[in-house]
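The structure under discussion appears below in the form of C-alpha coordinates.
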Amino acid sequence: MIRSLRLMPSLTVLAVFGTLASQTAHAAQAGKCLTPAEAQSVAVSALPDALTSAQKACAPHLPARSALRSASTRITQVYRPAADRAWPQAGRAFLSAFELPLPEGTSPDVVRPLLIATISALVEQEIKPEDCGTIDEFYSALEPLPPENVGKLLVAFLKLGENDRKPGQAKSNPFTICEGPNQ
(Lines give C-alpha, C1' and ligand atoms only; values in the text may rest on other atoms or scores of the structure.)
Protein backbone atom coordinates (compact mmCIF):
# COMPACT_ATOMS: atom_id res chain seq x y z
CA MET A 1 0.00 0.00 0.00
CA ILE A 2 2.86 2.40 0.80
CA ARG A 3 4.39 1.74 -2.62
CA SER A 4 1.05 2.51 -4.33
CA LEU A 5 0.69 5.74 -2.34
CA ARG A 6 4.19 6.77 -3.39
CA LEU A 7 3.28 6.06 -7.02
CA MET A 8 0.09 8.15 -6.87
CA PRO A 9 1.88 11.38 -7.94
CA SER A 10 3.13 9.63 -11.09
CA LEU A 11 -0.35 8.30 -11.81
CA THR A 12 -1.76 11.76 -11.24
CA VAL A 13 0.70 13.17 -13.71
CA LEU A 14 -0.32 10.55 -16.23
CA ALA A 15 -3.90 11.58 -15.65
CA VAL A 16 -2.93 15.18 -16.45
CA PHE A 17 -4.58 16.82 -13.51
CA GLY A 18 -1.29 17.35 -11.73
CA THR A 19 0.31 18.62 -14.89
CA LEU A 20 -2.37 21.17 -15.54
CA ALA A 21 -2.17 22.51 -12.00
CA SER A 22 1.34 23.88 -12.04
CA GLN A 23 1.09 25.69 -15.37
CA THR A 24 -2.41 27.06 -15.09
CA ALA A 25 -2.46 28.00 -11.42
CA HIS A 26 -0.76 31.31 -12.11
CA ALA A 27 -3.18 32.37 -14.82
CA ALA A 28 -6.34 30.70 -13.60
CA GLN A 29 -8.70 30.61 -10.70
CA ALA A 30 -10.51 27.38 -9.94
CA GLY A 31 -14.03 27.44 -11.29
CA LYS A 32 -16.76 24.85 -11.25
CA CYS A 33 -16.23 21.21 -10.60
CA LEU A 34 -15.95 18.75 -13.48
CA THR A 35 -18.35 15.88 -13.82
CA PRO A 36 -16.71 12.46 -13.88
CA ALA A 37 -17.41 12.33 -17.65
CA GLU A 38 -15.69 15.68 -18.18
CA ALA A 39 -12.73 14.62 -16.04
CA GLN A 40 -12.56 11.37 -18.00
CA SER A 41 -12.49 13.28 -21.30
CA VAL A 42 -9.59 15.39 -19.99
CA ALA A 43 -7.71 12.23 -18.97
CA VAL A 44 -8.36 10.51 -22.31
CA SER A 45 -7.28 13.58 -24.25
CA ALA A 46 -4.02 13.68 -22.29
CA LEU A 47 -3.18 9.97 -22.51
CA PRO A 48 -1.19 9.84 -25.77
CA ASP A 49 1.08 12.74 -24.82
CA ALA A 50 1.49 11.53 -21.23
CA LEU A 51 2.33 8.00 -22.44
CA THR A 52 4.78 9.27 -25.06
CA SER A 53 6.49 11.35 -22.41
CA ALA A 54 6.54 8.41 -19.99
CA GLN A 55 8.15 6.32 -22.74
CA LYS A 56 10.83 8.97 -23.22
CA ALA A 57 11.49 9.32 -19.49
CA CYS A 58 11.58 5.57 -18.84
CA ALA A 59 13.26 4.25 -22.01
CA PRO A 60 16.74 4.20 -20.47
CA HIS A 61 15.40 2.35 -17.41
CA LEU A 62 13.27 -0.38 -19.04
CA PRO A 63 14.07 -3.50 -21.06
CA ALA A 64 13.70 -3.10 -24.83
CA ARG A 65 10.67 -5.42 -24.90
CA SER A 66 8.77 -3.74 -22.08
CA ALA A 67 5.15 -2.83 -22.70
CA LEU A 68 5.72 0.90 -22.33
CA ARG A 69 8.72 1.00 -24.67
CA SER A 70 6.70 -0.99 -27.23
CA ALA A 71 3.59 1.20 -27.00
CA SER A 72 4.25 3.60 -29.90
CA THR A 73 1.90 1.88 -32.36
CA ARG A 74 -0.92 1.62 -29.80
CA ILE A 75 -0.45 5.27 -28.86
CA THR A 76 -0.68 6.31 -32.51
CA GLN A 77 -3.49 3.96 -33.59
CA VAL A 78 -5.65 3.80 -30.44
CA TYR A 79 -4.90 6.55 -27.92
CA ARG A 80 -4.39 9.45 -30.36
CA PRO A 81 -7.76 8.97 -32.15
CA ALA A 82 -9.50 8.59 -28.76
CA ALA A 83 -7.83 11.79 -27.57
CA ASP A 84 -9.00 13.63 -30.66
CA ARG A 85 -12.56 12.40 -30.07
CA ALA A 86 -12.42 13.39 -26.39
CA TRP A 87 -10.86 16.80 -26.97
CA PRO A 88 -14.00 18.84 -27.74
CA GLN A 89 -15.56 17.89 -24.39
CA ALA A 90 -12.19 18.04 -22.59
CA GLY A 91 -11.38 21.46 -24.01
CA ARG A 92 -14.77 22.89 -23.03
CA ALA A 93 -14.45 21.33 -19.57
CA PHE A 94 -10.98 22.77 -19.11
CA LEU A 95 -12.04 26.25 -20.18
CA SER A 96 -15.08 26.11 -17.90
CA ALA A 97 -13.08 24.84 -14.92
CA PHE A 98 -10.56 27.65 -15.16
CA GLU A 99 -11.13 31.32 -15.73
CA LEU A 100 -8.29 31.95 -18.15
CA PRO A 101 -7.74 35.46 -19.46
CA LEU A 102 -9.02 34.59 -22.94
CA PRO A 103 -11.55 36.46 -25.06
CA GLU A 104 -15.16 35.31 -24.81
CA GLY A 105 -15.91 32.45 -27.20
CA THR A 106 -12.27 31.36 -27.57
CA SER A 107 -12.02 27.90 -29.07
CA PRO A 108 -10.52 25.26 -26.77
CA ASP A 109 -8.25 24.36 -29.70
CA VAL A 110 -6.24 27.49 -28.93
CA VAL A 111 -5.06 26.07 -25.59
CA ARG A 112 -4.52 22.47 -26.72
CA PRO A 113 -0.88 22.92 -27.91
CA LEU A 114 0.03 24.59 -24.62
CA LEU A 115 -1.57 21.80 -22.62
CA ILE A 116 0.18 19.13 -24.69
CA ALA A 117 3.55 20.82 -24.19
CA THR A 118 2.85 21.18 -20.47
CA ILE A 119 1.81 17.56 -20.09
CA SER A 120 4.87 16.33 -21.95
CA ALA A 121 7.36 18.40 -19.97
CA LEU A 122 5.88 17.68 -16.57
CA VAL A 123 5.42 13.95 -17.09
CA GLU A 124 9.08 13.64 -18.04
CA GLN A 125 10.07 15.80 -15.08
CA GLU A 126 7.90 14.01 -12.47
CA ILE A 127 8.69 10.39 -13.30
CA LYS A 128 11.49 8.98 -11.20
CA PRO A 129 13.67 6.24 -12.72
CA GLU A 130 12.85 3.91 -9.82
CA ASP A 131 9.13 4.17 -10.69
CA CYS A 132 9.53 3.18 -14.34
CA GLY A 133 9.15 -0.56 -13.70
CA THR A 134 5.91 -0.01 -11.81
CA ILE A 135 4.63 2.42 -14.42
CA ASP A 136 5.42 -0.19 -17.08
CA GLU A 137 3.46 -2.82 -15.10
CA PHE A 138 0.57 -0.39 -14.71
CA TYR A 139 0.57 0.37 -18.45
CA SER A 140 0.89 -3.32 -19.33
CA ALA A 141 -2.18 -4.16 -17.24
CA LEU A 142 -4.24 -1.32 -18.73
CA GLU A 143 -3.04 -1.60 -22.33
CA PRO A 144 -5.80 -4.00 -23.47
CA LEU A 145 -8.52 -1.66 -22.19
CA PRO A 146 -10.10 1.00 -24.40
CA PRO A 147 -8.73 4.49 -23.67
CA GLU A 148 -12.09 5.55 -22.26
CA ASN A 149 -11.84 2.84 -19.59
CA VAL A 150 -8.29 3.89 -18.77
CA GLY A 151 -9.54 7.47 -18.38
CA LYS A 152 -12.32 6.29 -16.09
CA LEU A 153 -9.82 4.35 -13.95
CA LEU A 154 -7.50 7.33 -13.71
CA VAL A 155 -10.37 9.52 -12.54
CA ALA A 156 -11.24 6.88 -9.94
CA PHE A 157 -7.61 6.91 -8.72
CA LEU A 158 -7.77 10.68 -8.42
CA LYS A 159 -10.98 10.45 -6.42
CA LEU A 160 -9.36 7.87 -4.13
CA GLY A 161 -6.40 10.17 -3.66
CA GLU A 162 -8.71 13.00 -2.67
CA ASN A 163 -10.62 10.71 -0.28
CA ASP A 164 -7.33 9.80 1.44
CA ARG A 165 -6.38 13.44 1.91
CA LYS A 166 -6.06 14.45 5.53
CA PRO A 167 -7.88 17.56 6.84
CA GLY A 168 -5.82 20.65 6.08
CA GLN A 169 -3.68 18.85 3.48
CA ALA A 170 -3.46 20.66 0.15
CA LYS A 171 -5.41 19.34 -2.84
CA SER A 172 -3.32 17.55 -5.42
CA ASN A 173 -5.79 18.19 -8.26
CA PRO A 174 -6.24 21.60 -9.87
CA PHE A 175 -10.00 21.15 -10.06
CA THR A 176 -12.68 19.25 -8.24
CA ILE A 177 -14.57 16.26 -9.55
CA CYS A 178 -18.27 16.78 -8.84
CA GLU A 179 -19.98 14.42 -6.49
CA GLY A 180 -23.59 13.42 -6.62
CA PRO A 181 -25.92 10.60 -7.56
CA ASN A 182 -26.33 11.74 -11.18
CA GLN A 183 -22.69 12.45 -11.85
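We label chains A, B, ... in the order they appear in the C-alpha coordinates, count residues from 1 in each chain, and number ligands from 1 in the order shown.
Shell of A:Ala86 at 8 Å, with only C-alpha atoms counted and residues fewer than 5 places along the chain excluded, is Ser41, Val42, Val44 and Ser45 of chain A.
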Item to check | Residues near stretch 142-152 of chain A, cut-off 7 Å, only C-alpha atoms, skip fewer than 4 positions along chain, as a ChimeraX atom specification | outcome: /A:40,43-44,79,82,138,156
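With only C-alpha atoms as the atoms that count, the minimum distance from A:Ser70 to the choices A:Ser96, A:Cys178, A:Asp136, A:Glu162 is reached by A:Asp136.
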Next on the checklist: Between A:Leu122, A:Phe157, A:Ala97, A:Val110, which residue has the minimum interatomic distance to A:Cys33, considering only C-alpha atoms?
Outcome noted: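 Ranked by minimum distance to A:Cys33, first place goes to A:Ala97.
Interatomic distance, atom CA of A:Ala90 to atom CA of A:Leu51: 17.7 Å.
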Give me the residues near A:Ser107 as a PDB file with all heavy atoms, in the first residue's frame, where near means some atom within 10 Å (using only C-alpha atoms) and where sequence neighbours in that chain fewer than 5 positions away do not count.
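Okay, out-v7.pdb is ready:
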ATOM      1  N   PRO A  88     -12.974  17.776 -27.822  1.00  0.00           N
ATOM      2  CA  PRO A  88     -13.995  18.836 -27.740  1.00  0.00           C
ATOM      3  C   PRO A  88     -14.612  18.962 -26.344  1.00  0.00           C
ATOM      4  O   PRO A  88     -14.715  20.067 -25.805  1.00  0.00           O
ATOM      5  CB  PRO A  88     -15.029  18.423 -28.790  1.00  0.00           C
ATOM      6  CG  PRO A  88     -14.234  17.657 -29.805  1.00  0.00           C
ATOM      7  CD  PRO A  88     -13.216  16.892 -28.976  1.00  0.00           C
ATOM      8  N   GLY A  91     -11.732  20.052 -23.851  1.00  0.00           N
ATOM      9  CA  GLY A  91     -11.380  21.464 -24.008  1.00  0.00           C
ATOM     10  C   GLY A  91     -12.421  22.384 -23.389  1.00  0.00           C
ATOM     11  O   GLY A  91     -12.086  23.339 -22.688  1.00  0.00           O
ATOM     12  N   ARG A  92     -13.691  22.085 -23.640  1.00  0.00           N
ATOM     13  CA  ARG A  92     -14.768  22.893 -23.030  1.00  0.00           C
ATOM     14  C   ARG A  92     -14.736  22.770 -21.513  1.00  0.00           C
ATOM     15  O   ARG A  92     -14.888  23.761 -20.792  1.00  0.00           O
ATOM     16  CB  ARG A  92     -16.130  22.454 -23.572  1.00  0.00           C
ATOM     17  CG  ARG A  92     -16.395  22.887 -25.007  1.00  0.00           C
ATOM     18  CD  ARG A  92     -17.839  22.636 -25.428  1.00  0.00           C
ATOM     19  NE  ARG A  92     -18.288  21.263 -25.235  1.00  0.00           N
ATOM     20  CZ  ARG A  92     -18.101  20.271 -26.110  1.00  0.00           C
ATOM     21  NH1 ARG A  92     -17.501  20.512 -27.253  1.00  0.00           N
ATOM     22  NH2 ARG A  92     -18.538  19.050 -25.851  1.00  0.00           N
ATOM     23  N   LEU A  95     -11.773  24.814 -20.150  1.00  0.00           N
ATOM     24  CA  LEU A  95     -12.045  26.247 -20.182  1.00  0.00           C
ATOM     25  C   LEU A  95     -13.106  26.650 -19.168  1.00  0.00           C
ATOM     26  O   LEU A  95     -13.053  27.755 -18.617  1.00  0.00           O
ATOM     27  CB  LEU A  95     -12.445  26.700 -21.588  1.00  0.00           C
ATOM     28  CG  LEU A  95     -11.318  26.716 -22.617  1.00  0.00           C
ATOM     29  CD1 LEU A  95     -11.848  27.149 -23.987  1.00  0.00           C
ATOM     30  CD2 LEU A  95     -10.163  27.614 -22.180  1.00  0.00           C
ATOM     31  N   LEU A 102      -8.843  34.750 -21.498  1.00  0.00           N
ATOM     32  CA  LEU A 102      -9.019  34.591 -22.939  1.00  0.00           C
ATOM     33  C   LEU A 102     -10.288  35.317 -23.352  1.00  0.00           C
ATOM     34  O   LEU A 102     -11.235  35.415 -22.582  1.00  0.00           O
ATOM     35  CB  LEU A 102      -9.136  33.109 -23.305  1.00  0.00           C
ATOM     36  CG  LEU A 102      -7.917  32.238 -23.024  1.00  0.00           C
ATOM     37  CD1 LEU A 102      -8.258  30.765 -23.227  1.00  0.00           C
ATOM     38  CD2 LEU A 102      -6.750  32.640 -23.897  1.00  0.00           C
ATOM     39  N   ARG A 112      -4.964  23.872 -26.637  1.00  0.00           N
ATOM     40  CA  ARG A 112      -4.518  22.474 -26.721  1.00  0.00           C
ATOM     41  C   ARG A 112      -3.004  22.330 -26.897  1.00  0.00           C
ATOM     42  O   ARG A 112      -2.382  21.521 -26.186  1.00  0.00           O
ATOM     43  CB  ARG A 112      -5.265  21.742 -27.834  1.00  0.00           C
ATOM     44  CG  ARG A 112      -5.057  20.237 -27.786  1.00  0.00           C
ATOM     45  CD  ARG A 112      -5.910  19.502 -28.794  1.00  0.00           C
ATOM     46  NE  ARG A 112      -5.793  18.061 -28.608  1.00  0.00           N
ATOM     47  CZ  ARG A 112      -6.297  17.171 -29.423  1.00  0.00           C
ATOM     48  NH1 ARG A 112      -7.016  17.551 -30.466  1.00  0.00           N
ATOM     49  NH2 ARG A 112      -6.135  15.886 -29.198  1.00  0.00           N
TER      50      ARG A 112
END
